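Data first, discussion second: the structure below is written as structure tokens.
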Amino acid sequence: MKVAIIGAGNMGGAIARGLANGHYIQAQQITVSNPSAGKLNALKAEFPAIHVTHSNKEAAEDADIVIIAVKPWKVEEVLKPLRLRHPQILVSVAAGLTIEDLAHFVDPEMPIFRVIPNTAISEGASMTLIAARNASEEQVAGMTSLFNEMGRSMLIDEKLFAAATSLTSCGIAYVLKYVQAAMQAGVELGIKPHDAQTMLAQTLEGAAQLLLNNEHAHPATEIEKVTTPGGITIKGINSLEHDGFTSAIIRAIKASL
């Protein structure tokens with residue numbers, strides 16, 4: 001299966017690296033196009049088997065999957081000249097453009113995927129949202145497998161994208177805001193900033209693994225395990241609630257829609 005990635009910016013480059021590092025697509029099956037040479041040269045130096053070109057048409061003409069990773073306002077300009085048609089598969093990571101929008105720039109009968117990774121894709125740890133139209137079960141399974149190699153992916157109804165993006169893309173910023181605040185508290189208590197950051201990052205990773213690796217896990221049950229009666233954790237939890245922590249998070253998620 002040949003994959004063309006149009007655009008070698010932060011997202012396109014991260015996807016190319018993620019695919020080349022994975023097992024689902026081999027590096028020699030990937031072609032990346034970009035107007036400037038710098039990012040292509042960096043990719044080629046890292047993965048010599050990847051094909052690079054300045055021609056979007058050359059990249060896409062014999063590709064089974066074409067991934068569009070350009071700015072939203074460039075999508076129409078880039079897609080229309082490619083004349084993509086079934087049985088090629090279009091994958092767009094351009095924010096804000098619906099599947100219906102994309103269908104105006106290609107053969108509307110071809111399988112179209114709208115995909116929203118988050119910035120952790122650069123670390124192979126993205127929570128990637130996927131919506132599809134005209135795609136078979138096999139194609140949907142293939143696409144989720146492809147993006148699972150760069151973290152985790154989830155097929156959802158496109159109408160939920162705005163809400164889900166608040167949790168996954170904006171959510172990274174909210175989690176890091178907690179880390180930043182907790183670091184400040186740690187520094188005030190005498191811990192070096194870098195040490196505080198390492199402690200918190202590993203603690204967050206551990207909390208995530210508790211939820212991801214246990215099918216019946218729930219935040220409430222994991223919190224209960226560390227809140228012994230009269231202990232220090234419940235005092236902190238109650239302080240957070242008195243100061244409106246839960247309400248603040250809910251308001252932030254809803255405000256980011």
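Here, A, B, ... name the chains of the structure tokens in the order displayed, residue numbers run from 1 inside each chain, and ligands are numbered from 1 in the same displayed order.
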
**Request:** Mind checking which residues fall within 9 Å of region 54-70 of chain A, counting only C-alpha atoms, ignoring those fewer than 3 positions away in the same chain, and posting them as number ranges by chain?
**Result:** A: 1-13, 29-37, 40, 51, 73-75, 78-79, 81-84, 87-94

How close does region 148-227 of chain A get to region 115-125 of chain A? List, as a tab-separated table, each residue of region 148-227 of chain A within 10 Å, its nearest atom pair and the distance in Å to one decimal, counting only C-alpha atoms.
residue	atom	partner	partner_atom	distance
A:Asn148	CA	A:Gly124	CA	8.9
A:Glu149	CA	A:Gly124	CA	7.1
A:Met150	CA	A:Gly124	CA	4.1
A:Gly151	CA	A:Ala125	CA	3.9
A:Arg152	CA	A:Ala125	CA	7.0
A:Ser153	CA	A:Pro117	CA	8.3
A:Met154	CA	A:Val115	CA	9.7
A:Leu155	CA	A:Val115	CA	9.3
A:Glu158	CA	A:Val115	CA	9.8
A:Phe161	CA	A:Ile116	CA	8.4
A:Ala164	CA	A:Ile116	CA	9.6
A:Thr165	CA	A:Ile116	CA	7.7
A:Thr168	CA	A:Asn118	CA	6.6
A:Ser169	CA	A:Asn118	CA	5.0
A:Cys170	CA	A:Asn118	CA	8.6
A:Gly171	CA	A:Asn118	CA	9.3
A:Ile172	CA	A:Asn118	CA	8.0

Dump of all heavy atoms for the selected residues, as a short mmCIF file (atom, residue, chain, number, x, y, z; two decimals), in the first residue's frame:
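Saved as part_13.cif:
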data_model
loop_
_atom_site.label_atom_id
_atom_site.label_comp_id
_atom_site.auth_asym_id
_atom_site.auth_seq_id
_atom_site.Cartn_x
_atom_site.Cartn_y
_atom_site.Cartn_z
N ASN A 148 -3.11 4.01 14.97
CA ASN A 148 -2.78 3.39 16.26
C ASN A 148 -1.27 3.25 16.44
O ASN A 148 -0.78 3.16 17.56
CB ASN A 148 -3.44 2.01 16.38
CG ASN A 148 -4.90 2.10 16.81
OD1 ASN A 148 -5.34 3.12 17.32
ND2 ASN A 148 -5.64 1.04 16.58
N GLU A 149 -0.54 3.22 15.34
CA GLU A 149 0.92 3.14 15.43
C GLU A 149 1.53 4.45 15.90
O GLU A 149 2.72 4.52 16.20
CB GLU A 149 1.51 2.75 14.08
CG GLU A 149 1.15 1.34 13.67
CD GLU A 149 2.14 0.73 12.71
OE1 GLU A 149 2.45 1.39 11.70
OE2 GLU A 149 2.59 -0.40 12.98
N MET A 150 0.71 5.50 15.97
CA MET A 150 1.18 6.80 16.45
C MET A 150 0.45 7.22 17.72
O MET A 150 0.29 8.40 18.01
CB MET A 150 1.00 7.85 15.34
CG MET A 150 1.90 7.60 14.15
SD MET A 150 1.50 8.62 12.72
CE MET A 150 0.28 7.60 11.89
N GLY A 151 0.01 6.23 18.47
CA GLY A 151 -0.71 6.48 19.71
C GLY A 151 -1.96 5.63 19.76
O GLY A 151 -1.90 4.41 19.63
N ARG A 152 -3.10 6.26 19.90
CA ARG A 152 -4.40 5.57 19.86
C ARG A 152 -5.32 6.34 18.94
O ARG A 152 -5.23 7.58 18.86
CB ARG A 152 -5.03 5.50 21.26
CG ARG A 152 -4.33 4.55 22.22
CD ARG A 152 -4.96 4.62 23.60
NE ARG A 152 -4.21 3.81 24.54
CZ ARG A 152 -4.56 2.60 24.95
NH1 ARG A 152 -5.68 2.07 24.53
NH2 ARG A 152 -3.81 1.93 25.80
N SER A 153 -6.21 5.63 18.27
CA SER A 153 -7.19 6.28 17.42
C SER A 153 -8.59 5.81 17.80
O SER A 153 -8.76 4.73 18.38
CB SER A 153 -6.91 5.98 15.94
OG SER A 153 -7.08 4.61 15.65
N MET A 154 -9.57 6.63 17.45
CA MET A 154 -10.95 6.30 17.77
C MET A 154 -11.86 6.80 16.65
O MET A 154 -11.78 7.96 16.25
CB MET A 154 -11.37 6.94 19.10
CG MET A 154 -12.77 6.57 19.56
SD MET A 154 -13.22 7.35 21.14
CE MET A 154 -12.05 6.53 22.24
N LEU A 155 -12.70 5.91 16.13
CA LEU A 155 -13.68 6.28 15.13
C LEU A 155 -14.90 6.86 15.82
O LEU A 155 -15.49 6.22 16.70
CB LEU A 155 -14.08 5.05 14.31
CG LEU A 155 -15.05 5.28 13.17
CD1 LEU A 155 -14.37 6.03 12.02
CD2 LEU A 155 -15.63 3.95 12.68
N GLU A 158 -18.73 12.37 12.98
CA GLU A 158 -18.10 13.66 12.69
C GLU A 158 -18.74 14.80 13.48
O GLU A 158 -18.07 15.77 13.83
CB GLU A 158 -18.16 13.96 11.19
CG GLU A 158 -17.35 15.19 10.79
CD GLU A 158 -17.43 15.50 9.32
OE1 GLU A 158 -18.37 15.01 8.65
OE2 GLU A 158 -16.57 16.25 8.83
N PHE A 161 -16.87 15.90 16.56
CA PHE A 161 -15.48 16.33 16.45
C PHE A 161 -15.17 17.55 17.32
O PHE A 161 -14.12 17.62 17.95
CB PHE A 161 -15.13 16.62 15.00
CG PHE A 161 -14.37 15.49 14.34
CD1 PHE A 161 -14.66 14.17 14.64
CD2 PHE A 161 -13.38 15.74 13.41
CE1 PHE A 161 -13.98 13.13 14.04
CE2 PHE A 161 -12.68 14.71 12.81
CZ PHE A 161 -12.98 13.40 13.12
N ALA A 164 -15.03 16.45 20.95
CA ALA A 164 -13.91 15.54 21.19
C ALA A 164 -12.57 16.26 21.08
O ALA A 164 -11.63 15.96 21.81
CB ALA A 164 -13.97 14.37 20.21
N THR A 165 -12.48 17.23 20.16
CA THR A 165 -11.25 18.00 20.02
C THR A 165 -10.97 18.81 21.28
O THR A 165 -9.82 19.00 21.68
CB THR A 165 -11.33 18.92 18.80
OG1 THR A 165 -11.52 18.13 17.62
CG2 THR A 165 -10.06 19.74 18.63
N THR A 168 -9.27 16.27 23.46
CA THR A 168 -8.01 15.68 23.02
C THR A 168 -6.95 16.70 22.64
O THR A 168 -5.78 16.57 23.04
CB THR A 168 -8.25 14.74 21.84
OG1 THR A 168 -8.83 15.47 20.74
CG2 THR A 168 -9.17 13.61 22.23
N SER A 169 -7.31 17.70 21.85
CA SER A 169 -6.34 18.69 21.39
C SER A 169 -6.19 19.82 22.41
O SER A 169 -5.09 20.07 22.91
CB SER A 169 -6.75 19.24 20.03
OG SER A 169 -6.75 18.22 19.05
N CYS A 170 -7.30 20.48 22.74
CA CYS A 170 -7.26 21.50 23.79
C CYS A 170 -6.88 20.85 25.12
O CYS A 170 -6.22 21.47 25.96
CB CYS A 170 -8.61 22.19 23.93
SG CYS A 170 -9.23 22.94 22.42
N GLY A 171 -7.29 19.61 25.30
CA GLY A 171 -7.05 18.91 26.56
C GLY A 171 -5.59 18.82 26.92
O GLY A 171 -5.25 18.85 28.12
N ILE A 172 -4.70 18.70 25.94
CA ILE A 172 -3.26 18.67 26.24
C ILE A 172 -2.86 19.95 26.96
O ILE A 172 -2.10 19.92 27.94
CB ILE A 172 -2.44 18.47 24.95
CG1 ILE A 172 -2.47 17.00 24.56
CG2 ILE A 172 -1.00 18.94 25.14
CD1 ILE A 172 -1.52 16.62 23.45
#

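Note that CA of Leu240 (chain A) and CA of Ala201 (chain A) are 19.8 Å apart.
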
**Prompt:** So which residues of region 7-253 of chain A fall under strand (DSSP E) by DSSP, listed as a ChimeraX atom specification?
**Reply:** /A:30-33,51-53,65-68,89-92,112-116,126-133,151-155

**Request:** Determine, counting only C-alpha atoms, which protein, DNA and RNA residues have an atom within 10 Å of an atom of Ala27 (chain A); residues of the same chain fewer than 5 positions away are not included. Present the result as an NGL selection string.
**Result:** :A and (2-3 or 16-22 or 47-51)

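Nearest to Leu200 (chain A) of all the residues A:Ile99, A:Val175, A:Met143, A:Ile249 is A:Val175, counting only C-alpha atoms.
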